[in-house]
Structure formats: C-alpha cells, structure tokens
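Chemist: final28.cif (mmCIF, C-alpha atoms) pasted underneath:
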data_run
loop_
_atom_site.label_atom_id
_atom_site.label_comp_id
_atom_site.auth_asym_id
_atom_site.auth_seq_id
_atom_site.Cartn_x
_atom_site.Cartn_y
_atom_site.Cartn_z
CA MET A 1 0.00 0.00 0.00
CA LEU A 2 2.69 2.50 0.94
CA ARG A 3 4.82 1.15 -1.90
CA SER A 4 2.07 1.96 -4.39
CA MET A 5 1.83 5.49 -3.03
CA TYR A 6 5.53 6.13 -3.55
CA SER A 7 5.35 4.53 -6.98
CA GLY A 8 2.64 7.03 -7.85
CA ILE A 9 4.80 9.89 -6.60
CA SER A 10 7.73 8.79 -8.76
CA GLY A 11 5.46 8.56 -11.80
CA MET A 12 4.08 12.06 -11.19
CA LYS A 13 7.59 13.50 -10.93
CA ASN A 14 8.65 11.85 -14.15
CA PHE A 15 5.60 12.98 -16.09
CA GLN A 16 6.09 16.48 -14.75
CA THR A 17 9.62 16.45 -16.18
CA LYS A 18 8.24 15.17 -19.48
CA LEU A 19 5.70 18.00 -19.57
CA ASP A 20 8.50 20.49 -18.88
CA VAL A 21 10.46 19.19 -21.88
CA ILE A 22 7.36 19.22 -24.09
CA GLY A 23 6.63 22.78 -23.02
CA ASN A 24 10.16 23.83 -23.94
CA ASN A 25 9.80 22.17 -27.34
CA ILE A 26 6.56 23.96 -28.08
CA ALA A 27 7.97 27.29 -26.88
CA ASN A 28 10.79 26.90 -29.43
CA VAL A 29 8.71 25.73 -32.36
CA ASN A 30 9.78 28.81 -34.35
CA THR A 31 13.37 29.03 -33.06
CA PHE A 32 15.80 28.67 -35.97
CA GLY A 33 18.19 25.76 -35.55
CA PHE A 34 16.47 24.48 -32.39
CA LYS A 35 16.74 20.76 -31.63
CA LYS A 36 13.88 19.24 -29.68
CA GLY A 37 14.18 17.21 -26.49
CA ARG A 38 12.73 13.82 -25.62
CA VAL A 39 12.20 12.10 -22.25
CA THR A 40 12.40 8.34 -21.72
CA PHE A 41 11.60 6.39 -18.55
CA LYS A 42 12.83 3.22 -16.89
CA ASP A 43 11.59 1.19 -13.96
CA THR A 44 13.35 1.57 -10.63
CA MET A 45 14.53 -1.29 -8.44
CA ASN A 46 12.24 -4.18 -7.67
CA GLN A 47 11.65 -5.70 -4.23
CA MET A 48 12.12 -9.43 -4.16
CA VAL A 49 9.23 -11.41 -2.64
CA SER A 50 10.57 -14.81 -3.54
CA GLY A 51 13.26 -16.06 -5.85
CA ALA A 52 13.15 -18.50 -8.70
CA SER A 53 13.54 -22.24 -8.19
CA ALA A 54 14.76 -24.87 -10.60
CA ALA A 55 12.76 -27.84 -11.74
CA THR A 56 13.23 -31.23 -10.05
CA GLU A 57 12.22 -34.76 -11.03
CA THR A 58 8.98 -34.44 -9.13
CA ARG A 59 8.18 -30.74 -9.38
CA GLY A 60 8.53 -27.97 -11.93
CA GLY A 61 10.47 -24.74 -11.48
CA THR A 62 8.96 -21.50 -10.19
CA ASN A 63 9.50 -17.96 -11.36
CA PRO A 64 10.72 -15.13 -9.16
CA MET A 65 8.18 -12.82 -7.58
CA GLN A 66 9.00 -9.10 -7.40
CA VAL A 67 7.18 -5.91 -6.61
CA GLY A 68 8.26 -2.84 -8.59
CA LEU A 69 8.98 0.37 -6.74
CA GLY A 70 8.11 2.97 -9.36
CA SER A 71 9.82 4.59 -12.32
CA SER A 72 12.69 7.00 -12.89
CA LEU A 73 14.14 9.03 -15.76
CA ALA A 74 16.16 6.99 -18.24
CA SER A 75 17.28 9.92 -20.38
CA ILE A 76 16.50 13.40 -21.62
CA ASP A 77 17.72 13.28 -25.19
CA THR A 78 18.38 16.08 -27.64
CA ILE A 79 17.19 14.99 -31.07
CA HIS A 80 19.64 16.36 -33.66
CA THR A 81 17.73 15.41 -36.78
CA GLY A 82 17.83 17.95 -39.60
CA SER A 83 14.87 20.11 -40.43
CA SER A 84 13.55 21.95 -43.45
CA LEU A 85 15.29 25.06 -44.75
CA GLN A 86 13.20 28.22 -44.91
CA THR A 87 14.14 30.54 -47.75
CA THR A 88 14.70 34.12 -46.59
CA GLY A 89 16.61 35.67 -49.50
CA ARG A 90 18.97 37.39 -47.05
CA ALA A 91 22.61 36.90 -48.01
CA LEU A 92 23.80 36.45 -44.41
CA ASP A 93 21.19 33.82 -43.54
CA LEU A 94 22.89 30.44 -43.84
CA GLY A 95 21.45 26.96 -43.49
CA ILE A 96 23.36 23.69 -43.26
CA ASP A 97 22.28 20.89 -45.57
CA GLY A 98 23.83 18.03 -43.62
CA ASP A 99 25.16 17.16 -40.17
CA GLY A 100 27.64 19.98 -39.51
CA TYR A 101 27.58 22.83 -37.00
CA PHE A 102 28.78 26.40 -37.38
CA VAL A 103 31.74 27.24 -35.16
CA VAL A 104 31.50 30.50 -33.19
CA LYS A 105 33.71 32.02 -30.52
CA ASP A 106 33.13 34.17 -27.47
CA GLY A 107 36.65 35.21 -26.57
CA ASN A 108 38.57 31.96 -26.16
CA GLN A 109 35.44 29.90 -25.62
CA THR A 110 34.19 27.86 -28.58
CA PHE A 111 30.53 27.07 -29.23
CA TYR A 112 28.61 25.33 -32.00
CA THR A 113 25.27 26.21 -33.52
CA ARG A 114 22.85 25.33 -36.30
CA ALA A 115 21.25 28.78 -36.32
CA GLY A 116 22.78 30.65 -39.25
CA ASN A 117 21.24 34.11 -38.91
CA PHE A 118 24.50 36.07 -39.04
CA TYR A 119 25.35 39.76 -39.15
CA VAL A 120 28.31 42.06 -39.85
CA ASP A 121 29.45 44.30 -36.98
CA ASP A 122 31.08 47.72 -37.16
CA ASN A 123 34.49 46.13 -37.75
CA GLY A 124 33.19 44.08 -40.65
CA THR A 125 33.38 40.85 -38.62
CA LEU A 126 30.78 38.16 -39.28
CA VAL A 127 28.93 37.53 -35.98
CA THR A 128 25.84 35.90 -34.51
CA ALA A 129 22.89 37.88 -33.14
CA ASP A 130 24.61 37.84 -29.73
CA GLY A 131 27.94 39.05 -31.11
CA LEU A 132 29.82 35.73 -31.13
CA LYS A 133 32.36 35.64 -33.97
CA VAL A 134 31.76 33.16 -36.78
CA GLN A 135 34.89 31.16 -37.55
CA ALA A 136 36.60 30.39 -40.85
CA TYR A 137 38.88 27.40 -41.42
CA LYS A 138 42.24 27.84 -43.14
CA ASN A 139 45.16 25.43 -43.09
CA GLY A 140 44.02 23.80 -39.86
CA VAL A 141 43.53 27.10 -38.02
CA LEU A 142 40.32 28.87 -37.00
CA GLU A 143 40.12 32.60 -37.67
CA ASP A 144 37.49 35.35 -37.71
CA ILE A 145 35.77 36.26 -40.97
CA THR A 146 36.15 39.96 -41.70
CA VAL A 147 34.56 41.81 -44.60
CA ASN A 148 36.33 45.16 -44.96
CA VAL A 149 33.91 47.36 -46.90
CA ASN A 150 36.75 49.81 -47.57
CA ALA A 151 39.08 47.14 -48.94
CA THR A 152 40.92 47.97 -52.16
CA LEU A 153 42.36 45.38 -54.51
CA PRO A 154 45.63 46.77 -55.91
CA ALA A 155 46.38 46.74 -59.62
CA LEU A 156 48.31 43.71 -60.86
CA ALA A 157 50.48 44.08 -63.97
CA THR A 158 50.12 41.42 -66.66
CA ASP A 159 53.12 39.08 -66.57
CA GLU A 160 51.65 35.77 -67.77
CA MET A 161 49.38 34.71 -70.61
CA LYS A 162 47.70 31.31 -70.90
CA LEU A 163 47.17 29.93 -74.41
CA GLU A 164 44.28 27.48 -74.12
CA GLY A 165 42.13 25.50 -76.53
CA SER A 166 43.04 23.70 -79.74
CA LEU A 167 44.60 24.41 -83.12
CA PRO A 168 44.23 22.10 -86.15
CA ASP A 169 47.19 20.64 -88.02
CA PRO A 170 48.57 23.62 -90.02
CA ALA A 171 49.27 21.29 -92.95
CA THR A 172 45.52 21.10 -93.55
CA LEU A 173 45.35 24.87 -94.08
CA SER A 174 47.00 27.24 -96.51
CA PRO A 175 49.83 29.59 -95.42
CA GLY A 176 48.50 32.82 -93.97
CA ALA A 177 45.18 31.29 -92.93
CA GLY A 178 44.18 31.96 -89.36
CA SER A 179 41.59 32.68 -86.74
CA GLU A 180 39.42 35.74 -86.54
CA VAL A 181 40.98 38.73 -84.82
CA GLN A 182 40.22 38.71 -81.09
CA GLN A 183 40.86 41.22 -78.36
CA MET A 184 42.41 41.01 -74.92
CA LYS A 185 42.99 43.48 -72.10
CA ILE A 186 46.33 43.75 -70.34
CA VAL A 187 47.50 45.94 -67.47
CA ASP A 188 50.86 47.70 -67.50
CA SER A 189 53.21 48.28 -64.56
CA LYS A 190 51.44 51.56 -63.69
CA GLY A 191 48.03 49.88 -63.43
CA VAL A 192 46.75 51.23 -66.76
CA GLU A 193 44.65 48.95 -68.97
CA HIS A 194 45.38 48.48 -72.69
CA THR A 195 43.57 46.57 -75.43
CA LEU A 196 45.50 44.35 -77.83
CA ASP A 197 44.33 42.47 -80.92
CA TYR A 198 45.65 38.94 -81.40
CA GLN A 199 45.30 36.28 -84.08
CA TYR A 200 46.52 32.72 -84.68
CA VAL A 201 48.03 32.47 -88.19
CA VAL A 202 49.63 29.62 -90.22
CA ASP A 203 53.23 30.54 -90.95
CA ALA A 204 54.58 31.19 -94.48
CA ALA A 205 55.94 27.65 -94.78
CA GLY A 206 52.52 26.19 -93.92
CA THR A 207 54.04 23.90 -91.28
CA GLY A 208 53.44 25.76 -88.03
CA TRP A 209 51.46 28.37 -86.17
CA GLU A 210 52.24 31.92 -85.18
CA ILE A 211 50.44 34.24 -82.80
CA LYS A 212 50.30 37.87 -83.87
CA PHE A 213 49.73 40.76 -81.42
CA THR A 214 48.74 44.25 -82.61
CA ASN A 215 48.25 47.47 -80.66
CA GLN A 216 45.27 48.99 -82.45
CA ASN A 217 45.15 51.85 -79.94
CA SER A 218 48.55 53.14 -81.08
CA THR A 219 48.65 56.50 -82.87
CA THR A 220 51.33 55.33 -85.32
CA ASP A 221 50.67 53.94 -88.78
CA PRO A 222 51.14 51.14 -89.48
CA LYS A 223 50.03 49.86 -86.09
CA PRO A 224 52.87 48.24 -84.11
CA SER A 225 52.65 44.44 -84.11
CA THR A 226 54.68 41.42 -82.99
CA THR A 227 54.54 37.86 -84.29
CA LEU A 228 55.76 34.93 -82.19
CA PRO A 229 56.13 31.34 -83.49
CA LEU A 230 54.47 28.41 -81.74
CA ALA A 231 56.66 25.30 -81.91
CA TYR A 232 54.93 21.90 -81.76
CA ASP A 233 56.60 18.63 -80.77
CA SER A 234 54.91 15.75 -82.63
CA THR A 235 56.50 13.23 -80.26
CA THR A 236 55.23 14.67 -76.99
CA LYS A 237 52.21 16.18 -78.78
CA LYS A 238 52.73 19.42 -76.88
CA TYR A 239 53.44 23.00 -77.82
CA THR A 240 56.52 24.81 -76.58
CA ALA A 241 56.01 28.22 -75.04
CA PRO A 242 57.24 31.00 -77.35
CA ALA A 243 59.73 33.63 -76.26
CA ASP A 244 58.50 36.23 -73.78
CA LEU A 245 56.40 39.00 -75.31
CA ASP A 246 58.16 42.37 -74.94
CA LEU A 247 55.32 44.87 -74.68
CA THR A 248 57.62 47.77 -75.54
CA THR A 249 57.57 46.48 -79.13
CA LEU A 250 53.89 47.34 -79.10
CA GLU A 251 54.67 50.87 -77.84
CA LEU A 252 53.64 50.11 -74.26
CA THR A 253 56.56 51.74 -72.45
CA ASP A 254 55.32 50.62 -69.01
CA GLY A 255 54.32 47.15 -70.10
CA GLY A 256 57.29 44.95 -69.28
CA THR A 257 57.43 41.36 -70.53
CA VAL A 258 54.83 38.61 -70.56
CA LYS A 259 55.55 34.87 -70.24
CA PHE A 260 53.42 32.23 -71.95
CA ASN A 261 51.79 29.12 -70.53
CA VAL A 262 50.86 26.53 -73.19
CA ASP A 263 50.03 23.57 -70.91
CA LYS A 264 46.41 23.56 -72.12
CA LEU A 265 47.07 24.32 -75.80
CA LYS A 266 46.52 21.27 -78.03
CA GLN A 267 46.78 20.40 -81.71
CA GLU A 268 43.60 18.56 -82.61
CA GLY A 269 40.33 18.89 -84.51
CA ASP A 270 39.69 20.91 -87.59
CA SER A 271 38.69 24.27 -86.11
CA ILE A 272 40.51 27.00 -84.21
CA THR A 273 39.27 27.28 -80.61
CA ALA A 274 42.49 28.57 -79.04
CA GLN A 275 42.32 31.71 -76.91
CA ALA A 276 44.82 33.87 -75.06
CA ASN A 277 43.99 34.66 -71.44
CA PRO A 278 46.32 37.16 -69.75
CA ASN A 279 46.45 37.72 -65.99
CA GLY A 280 46.53 41.14 -64.34
CA ASN A 281 43.79 43.44 -63.17
CA LEU A 282 43.01 47.07 -62.50
CA SER A 283 42.69 48.36 -58.95
CA GLY A 284 39.20 47.98 -57.53
CA LYS A 285 37.12 48.48 -54.40
CA LEU A 286 34.99 45.92 -52.64
CA GLU A 287 31.40 46.30 -53.87
CA SER A 288 29.69 43.27 -52.39
CA PHE A 289 30.27 39.77 -51.10
CA ASN A 290 28.49 36.44 -51.27
CA ILE A 291 28.73 33.01 -49.68
CA GLY A 292 28.93 29.91 -51.85
CA PRO A 293 27.62 26.37 -51.22
CA THR A 294 31.05 25.20 -50.06
CA GLY A 295 31.24 27.98 -47.47
CA GLU A 296 33.61 30.30 -49.29
CA VAL A 297 33.05 34.00 -48.63
CA ASN A 298 33.79 35.79 -51.91
CA GLY A 299 34.40 39.52 -52.24
CA VAL A 300 33.28 41.10 -55.52
CA TYR A 301 35.39 44.12 -56.55
CA SER A 302 34.59 46.99 -58.89
CA ASN A 303 37.21 45.76 -61.39
CA GLY A 304 35.28 42.50 -61.87
CA GLN A 305 37.67 40.44 -59.76
CA ILE A 306 36.46 37.98 -57.13
CA ARG A 307 38.65 37.19 -54.14
CA GLY A 308 38.11 34.75 -51.29
CA LEU A 309 37.74 36.34 -47.86
CA GLY A 310 37.62 33.05 -45.97
CA THR A 311 35.83 29.71 -45.83
CA ILE A 312 33.22 29.11 -43.12
CA ALA A 313 34.18 26.30 -40.75
CA LEU A 314 31.84 23.42 -39.96
CA ALA A 315 32.25 20.95 -37.10
CA LYS A 316 31.14 17.36 -36.86
CA PHE A 317 30.90 15.11 -33.79
CA SER A 318 30.93 11.36 -33.35
CA ASN A 319 28.07 11.66 -30.82
CA THR A 320 25.92 14.72 -31.40
CA SER A 321 23.56 13.67 -28.60
CA GLY A 322 26.45 14.20 -26.20
CA LEU A 323 26.55 17.95 -26.90
CA LEU A 324 25.56 20.27 -24.07
CA LYS A 325 22.94 22.94 -24.69
CA ALA A 326 24.38 26.29 -23.62
CA GLY A 327 21.39 28.53 -24.41
CA GLY A 328 21.15 31.06 -27.21
CA ASN A 329 20.96 28.29 -29.85
CA LEU A 330 24.47 27.20 -28.81
CA PHE A 331 25.99 23.82 -28.03
CA GLN A 332 29.19 22.96 -26.18
CA GLU A 333 31.48 20.00 -26.56
CA THR A 334 31.46 17.44 -23.71
CA ILE A 335 33.58 14.41 -22.86
CA ASN A 336 30.88 12.17 -24.38
CA SER A 337 30.29 14.12 -27.59
CA GLY A 338 33.76 13.43 -28.92
CA THR A 339 36.24 16.04 -30.09
CA ALA A 340 34.98 18.42 -32.75
CA ASN A 341 36.18 17.46 -36.24
CA ILE A 342 36.44 20.89 -37.88
CA ASN A 343 37.03 21.54 -41.55
CA VAL A 344 35.46 23.28 -44.54
CA PRO A 345 31.92 22.28 -45.68
CA GLY A 346 31.64 19.00 -47.52
CA SER A 347 33.24 15.63 -46.78
CA GLY A 348 30.33 14.57 -44.57
CA ARG A 349 29.84 17.96 -42.91
CA GLY A 350 27.05 19.14 -45.18
CA GLY A 351 26.86 22.08 -47.53
CA ILE A 352 25.93 25.72 -47.03
CA ALA A 353 22.61 27.07 -48.31
CA ALA A 354 22.85 30.85 -48.51
CA GLY A 355 19.64 32.84 -48.15
CA ALA A 356 17.96 30.17 -46.02
CA LEU A 357 17.63 29.23 -42.35
CA GLU A 358 17.04 25.86 -40.75
CA MET A 359 13.70 25.68 -38.99
CA SER A 360 13.11 24.01 -35.63
CA ASN A 361 12.68 20.23 -35.82
CA VAL A 362 9.72 20.39 -33.39
CA ASP A 363 6.60 18.66 -34.75
CA LEU A 364 3.56 20.22 -33.08
CA SER A 365 1.27 17.27 -33.80
CA GLU A 366 3.74 14.94 -32.12
CA GLU A 367 4.25 17.28 -29.17
CA PHE A 368 0.53 17.69 -28.52
CA THR A 369 0.04 13.93 -28.68
CA GLU A 370 2.88 13.44 -26.19
CA MET A 371 1.33 16.14 -24.02
CA ILE A 372 -1.98 14.27 -23.89
CA THR A 373 -0.32 10.97 -22.98
CA ALA A 374 1.82 12.67 -20.34
CA GLN A 375 -1.25 14.38 -18.87
CA ARG A 376 -3.17 11.10 -18.70
CA GLY A 377 -0.18 9.34 -17.20
CA PHE A 378 0.07 12.05 -14.53
CA GLN A 379 -3.64 11.72 -13.79
CA ALA A 380 -3.38 7.93 -13.50
CA ASN A 381 -0.55 8.26 -11.00
CA THR A 382 -2.61 10.68 -8.91
CA ARG A 383 -5.35 8.04 -8.82
CA ILE A 384 -2.85 5.56 -7.37
CA ILE A 385 -2.13 7.98 -4.53
CA THR A 386 -5.80 8.75 -3.84
CA THR A 387 -6.66 5.03 -3.92
CA SER A 388 -3.82 4.25 -1.52
CA ASP A 389 -5.05 7.04 0.72
CA GLU A 390 -8.57 5.57 0.78
CA ILE A 391 -7.19 2.19 1.80
CA LEU A 392 -5.18 3.83 4.58
CA GLN A 393 -8.37 5.57 5.69
CA GLU A 394 -10.15 2.22 5.87
CA LEU A 395 -7.34 0.83 8.01
CA VAL A 396 -7.58 3.78 10.37
CA ASN A 397 -11.34 3.31 10.57
CA LEU A 398 -10.86 -0.27 11.86
CA LYS A 399 -10.06 1.22 15.29
CA ARG A 400 -13.38 2.91 15.90
#
Transcribe the structure of this file into structure tokens.
Modeler:
Amino acid sequence: MLRSMYSGISGMKNFQTKLDVIGNNIANVNTFGFKKGRVTFKDTMNQMVSGASAATETRGGTNPMQVGLGSSLASIDTIHTGSSLQTTGRALDLGIDGDGYFVVKDGNQTFYTRAGNFYVDDNGTLVTADGLKVQAYKNGVLEDITVNVNATLPALATDEMKLEGSLPDPATLSPGAGSEVQQMKIVDSKGVEHTLDYQYVVDAAGTGWEIKFTNQNSTTDPKPSTTLPLAYDSTTKKYTAPADLDLTTLELTDGGTVKFNVDKLKQEGDSITAQANPNGNLSGKLESFNIGPTGEVNGVYSNGQIRGLGTIALAKFSNTSGLLKAGGNLFQETINSGTANINVPGSGRGGIAAGALEMSNVDLSEEFTEMITAQRGFQANTRIITTSDEILQELVNLKR
C-alpha cells in the first residue's frame, strides 16, 4: 500500500519532467536551428518477494516474484535530426544541408550552432545575433571572418598569358590562314589597362602556327605588331612556349614582358578554338560579397575580380547527442560528444545554403500527442495515490 503510493509519486515527478520538456519544445517551435528534447523512462529497483527455483524430477520450477517500486528518468535526449530550410533571400542567412555545425567564438570559448542568422558588426566581422564571432577554417587554423567594406584590390600588372584550346594541323590549311581577330585586355606596370588584338596564323611555310599581337590603340601607322612562333613537338604532342612578349615592341613603355603558358594548348580537330587569357587586373574596391555552397566568402570588386575572404568552418561530432545545450541556440562539446572534427563544408559535414535558415525540428502534432499521454499518465498516478489514501483511511477506521 505505501509502496504503491511512492510509486505514484515517482510517476508524477517523471511525467512532470516530461511535460517540462514538451513545453520547452513547443515554446521553441519557431526558433531557428532548435533541436527538440525527448524524455524516456525506466523502472526503478524491484523488491524481491521470492526467488526462482529450478525444476526437479517431481516438481517444476517457479518464477521469481518481485514488486516494482516505481519509475525513474532513463534519459533526456536532444534529437539532432535535420529540419527543413526556410528561404529568406537574405545573403547572411545560412542553413546547413547536412550534419555539420557552425563554429562561433566568445573570446577563447568555442561554441557550435545550427542557427545561421549572421550579421556584420562595425568592424566588418561576421557575428551571430549575440555578437559571437563566426569562424573560418584555413590550413588547420580557425580565424574570424572579416569583410572590410573599404578594402581595395591593388592593380596587378600582366606578366603571364595562358594559351588554351586547340589548333588544327597547319598542314591542312593554306599559309596565312588563321583565326578571326580577337581582343584582350592587359594591365601595365602603372596599373593602366590596354587593349591588344591577337590572331593565330599559319606561318609562311605552312608547317606551323604563329600568334600575332597588334596594338590597335597606337597612334602610329602602321600599327605596331609582334609575331611569335608556336613550336609543336609531334613526339610529346605538346606545344613549346614561345619567347616572352616584350610589350615595348607594341609601344607600351610601361608594359614589361609577358611569359606564356601553353600547358592547355593542343593540336587537334579541324577548327581553331584557341584563346589567349592574360592575368593582371586594375585596382578595384569591394562592392559586395556572397557566400557559396562550399562555405567560401567571396568579395566582388569593382574591377570585376572575385577574391576569397575566408571559408566558413563546420564541425562534426561522433556523438551529437552528447553535446551540451548552452542557451542562445548554442551547443558545447562534452567528454561524451567526442572532439569536434572541424574543416570546410563538404566531406560529410554538409553544404551551405545561402539565403535560407534551418527551422526548428519540433513537430507540433507529435508534441501535442505526447502532451496528452503525459497528462493522462500524470492523472493515473494521482489516482494511485488517492486510492492508496482511501485504503489507509479504511485501516484507520478499523479502530473505531
């Protein structure tokens, strides 16, 4: 009788805890990146009334007899299943399509989160809503991601030109035949841009190719031009880079020399697809930035150049259920979660979805159903206590 009363008390306590967890789940149904909780129960110790006995030649065995002494909490789990991504269209809203966690720092303390609503502070640092700094991963080291809106990309003089594509066998064409005239832009040592015409032409002997450069912007007549031969090795089936192009021959006094890279130039097919791609760029200012699916933060400059500003770090754990909730949509590593495996997105860490946020994984229909069962379980345990009390009352009434 008294045992049943205390069993009822233990059941009420457990169901109260379950209702607390359900209430927290429902309260966070619209919290981005929230992971719901779940309560499981187990029975407590059992009082032995009689033990088991083995069978004999004349009598069969008997089973043990035990009286249970209530229930207790088995676990309060955090369910780390992924949830749907809600499109927001905001560039700094990031969702994770996979199992990773964003890495953020508060001073020297490291936290992890699935909530990707990030912001840029007055120093241009990418931060969470609470000001924790979002971390980038580079060569095994974590570092802050900073977007300097006043950043300037310096001019880079052209010093290399890649010849890419294919050229047919010149023997199949007549001497002097060639591609259409194309244009390229190069930058001199003072950061000034110039436009050159270039053309692939079969040499006079009809056995090889030449590349002809012309400065159509020159004021002289005829326009200054330079022709460089392209040697082809039929054994290795590769072109040999021509001599460096001296831009002063094209009346670019601040041009310097340009080396050639022919690693991707081939002799094949029957059409001319070869192009010349010089490096170099004008100076430019940062106009905008974007975040790609592999976590790279790219700065877009006014000169058309794109430069990486960092790659967002993602962490993965061997036991995500072992993470400790730290409030503010944050998790902390514990001795049972395993050490954080931090790297760039991909390789099992999920990808980045820019312009989207991960919704809470709370299912209201499931939570309300669990609430009903928890309420009924609580009520049933109260009935055990009231019934035990009535029996005690009858015992007291025997002495009237």
Chemist: Pick the closest to A:Leu250 from A:Gly346, A:Gly61, A:Pro224, A:Pro229: which is it, counting all atoms listed in the file?
Modeler: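 For A:Leu250, the nearest of the given residues is A:Pro224.
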Chemist: I need the output of the PyMOL selection byres ((chain A and resi 8-11) around 7) for this file as a list in words; which residues are they?
Modeler: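 Taken over the shown coordinates, the PyMOL selection byres ((chain A and resi 8-11) around 7) returns Ser4, Met5, Tyr6, Ser7, Met12, Lys13, Asn14, Phe15, Gly70, Ser71, Ser72, Phe378, Asn381, Thr382, Ile384 and Ile385 of chain A.
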Chemist: For the atom pair atom CA of A:Gly176 and atom CA of A:Tyr200, what is the interatomic distance in Å to one decimal place?
Modeler: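 Between atom CA of A:Gly176 and atom CA of A:Tyr200 the gap is 9.5 Å.
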Chemist: For the structure provided, state which residues fall under the PyMOL selection byres ((chain A and resi 246) around 10), and present them as a VMD selection string.
Modeler: chain A and resid 226 243 to 245 247 to 253 255 to 259
Chemist: Please list as a list in words every residue within 10 Å of A:Leu92, counting only C-alpha atoms and excluding residues in the same chain fewer than 4 positions away.
Modeler: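 Here the answer would be Thr88, Gly116, Asn117, Phe118, Tyr119, Val120, Leu126, Val127, Phe289, Asn290, Ile291, Ala354, Gly355, Ala356 and Leu357 of chain A.
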Chemist: Give me the residues near stretch 75-79 of chain A as an MDAnalysis selection string, where near means some atom within 7 Å (using all atoms listed in the file) and where sequence neighbours in that chain fewer than 4 positions away do not count.
Modeler: chainID A and resid 35:41 321
Chemist: Select, from A:Thr81, A:Ser388, A:Thr294, A:Ser360, the residue with the minimum atom-to-atom distance to A:Ser347, counting only C-alpha atoms.
Modeler: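 With only C-alpha atoms as the atom set, the closest residue is A:Thr294.
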Chemist: Select, from A:Tyr239, A:Phe331, A:Phe317, A:Tyr198, the residue with the minimum atom-to-atom distance to A:Gly178, counting only C-alpha atoms.
Modeler: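 Checking each of A:Tyr239, A:Phe331, A:Phe317, A:Tyr198 against A:Gly178, counting only C-alpha atoms, the winner is A:Tyr198.
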Chemist: Need to verify the contact set: stretch 272-283 of chain A, 8 Å, only C-alpha atoms, exclusion of same-chain residues closer than 2 positions in sequence. Can you return it as a ChimeraX atom specification?
Modeler: /A:152-168,179,184-187,191-193,265,270,285,303,305
Chemist: Mind giving me the straight-line distance from atom CA of A:Ala231 to atom CA of A:Lys266 in Å, one decimal?
Modeler: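 About the pair atom CA of A:Ala231 and atom CA of A:Lys266: they are 11.6 Å apart.
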Chemist: Hey, could you make a per-residue contact list for stretch 76-192 of chain A against stretch 337-345 of chain A with 10 Å as the cut-off, showing the nearest pair of atoms and its distance in Å to one decimal, counting all atoms listed in the file, sorted by chain and number, as JSON lines?
Modeler:
{"residue": "A:Ile96", "atom": "CA", "partner": "A:Pro345", "partner_atom": "CA", "distance": 9.0}
{"residue": "A:Asp97", "atom": "CA", "partner": "A:Pro345", "partner_atom": "CA", "distance": 9.7}
{"residue": "A:Gly98", "atom": "CA", "partner": "A:Pro345", "partner_atom": "CA", "distance": 9.4}
{"residue": "A:Gly100", "atom": "CA", "partner": "A:Pro345", "partner_atom": "CA", "distance": 7.9}
{"residue": "A:Tyr101", "atom": "CA", "partner": "A:Ile342", "partner_atom": "CA", "distance": 9.1}
{"residue": "A:Phe102", "atom": "CA", "partner": "A:Ile342", "partner_atom": "CA", "distance": 9.4}
{"residue": "A:Val103", "atom": "CA", "partner": "A:Ile342", "partner_atom": "CA", "distance": 8.4}
{"residue": "A:Tyr112", "atom": "CA", "partner": "A:Ala340", "partner_atom": "CA", "distance": 9.4}
{"residue": "A:Ala136", "atom": "CA", "partner": "A:Val344", "partner_atom": "CA", "distance": 8.1}
{"residue": "A:Tyr137", "atom": "CA", "partner": "A:Asn343", "partner_atom": "CA", "distance": 6.1}
{"residue": "A:Lys138", "atom": "CA", "partner": "A:Val344", "partner_atom": "CA", "distance": 8.3}
{"residue": "A:Asn139", "atom": "CA", "partner": "A:Asn343", "partner_atom": "CA", "distance": 9.1}
{"residue": "A:Gly140", "atom": "CA", "partner": "A:Asn343", "partner_atom": "CA", "distance": 7.5}
{"residue": "A:Val141", "atom": "CA", "partner": "A:Asn343", "partner_atom": "CA", "distance": 9.3}
{"residue": "A:Leu142", "atom": "CA", "partner": "A:Ile342", "partner_atom": "CA", "distance": 8.9}
Chemist: When you write stretch 171-215 of chain A out from the block above, keep C-alpha atoms and present the result as an mmCIF file, in the first residue's frame, please.
Modeler:
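The result, stored in out16.cif:
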data_model
loop_
_atom_site.group_PDB
_atom_site.id
_atom_site.type_symbol
_atom_site.label_atom_id
_atom_site.label_comp_id
_atom_site.auth_asym_id
_atom_site.auth_seq_id
_atom_site.Cartn_x
_atom_site.Cartn_y
_atom_site.Cartn_z
ATOM 1 C CA ALA A 171 49.266 21.287 -92.945
ATOM 2 C CA THR A 172 45.521 21.097 -93.547
ATOM 3 C CA LEU A 173 45.352 24.866 -94.079
ATOM 4 C CA SER A 174 46.999 27.238 -96.509
ATOM 5 C CA PRO A 175 49.833 29.592 -95.421
ATOM 6 C CA GLY A 176 48.498 32.816 -93.965
ATOM 7 C CA ALA A 177 45.178 31.286 -92.926
ATOM 8 C CA GLY A 178 44.179 31.963 -89.363
ATOM 9 C CA SER A 179 41.591 32.676 -86.744
ATOM 10 C CA GLU A 180 39.421 35.742 -86.538
ATOM 11 C CA VAL A 181 40.975 38.735 -84.823
ATOM 12 C CA GLN A 182 40.218 38.711 -81.091
ATOM 13 C CA GLN A 183 40.862 41.223 -78.361
ATOM 14 C CA MET A 184 42.409 41.007 -74.919
ATOM 15 C CA LYS A 185 42.990 43.480 -72.103
ATOM 16 C CA ILE A 186 46.332 43.751 -70.340
ATOM 17 C CA VAL A 187 47.498 45.945 -67.468
ATOM 18 C CA ASP A 188 50.864 47.704 -67.497
ATOM 19 C CA SER A 189 53.211 48.280 -64.557
ATOM 20 C CA LYS A 190 51.441 51.556 -63.686
ATOM 21 C CA GLY A 191 48.026 49.884 -63.434
ATOM 22 C CA VAL A 192 46.751 51.233 -66.758
ATOM 23 C CA GLU A 193 44.654 48.950 -68.968
ATOM 24 C CA HIS A 194 45.378 48.480 -72.689
ATOM 25 C CA THR A 195 43.566 46.570 -75.433
ATOM 26 C CA LEU A 196 45.503 44.354 -77.834
ATOM 27 C CA ASP A 197 44.334 42.469 -80.916
ATOM 28 C CA TYR A 198 45.646 38.938 -81.401
ATOM 29 C CA GLN A 199 45.301 36.277 -84.079
ATOM 30 C CA TYR A 200 46.521 32.722 -84.681
ATOM 31 C CA VAL A 201 48.027 32.466 -88.195
ATOM 32 C CA VAL A 202 49.625 29.623 -90.218
ATOM 33 C CA ASP A 203 53.234 30.538 -90.951
ATOM 34 C CA ALA A 204 54.580 31.186 -94.482
ATOM 35 C CA ALA A 205 55.936 27.647 -94.782
ATOM 36 C CA GLY A 206 52.524 26.186 -93.919
ATOM 37 C CA THR A 207 54.042 23.904 -91.276
ATOM 38 C CA GLY A 208 53.444 25.756 -88.027
ATOM 39 C CA TRP A 209 51.458 28.368 -86.172
ATOM 40 C CA GLU A 210 52.243 31.918 -85.183
ATOM 41 C CA ILE A 211 50.440 34.241 -82.796
ATOM 42 C CA LYS A 212 50.303 37.874 -83.869
ATOM 43 C CA PHE A 213 49.735 40.756 -81.422
ATOM 44 C CA THR A 214 48.737 44.248 -82.614
ATOM 45 C CA ASN A 215 48.246 47.466 -80.656
#
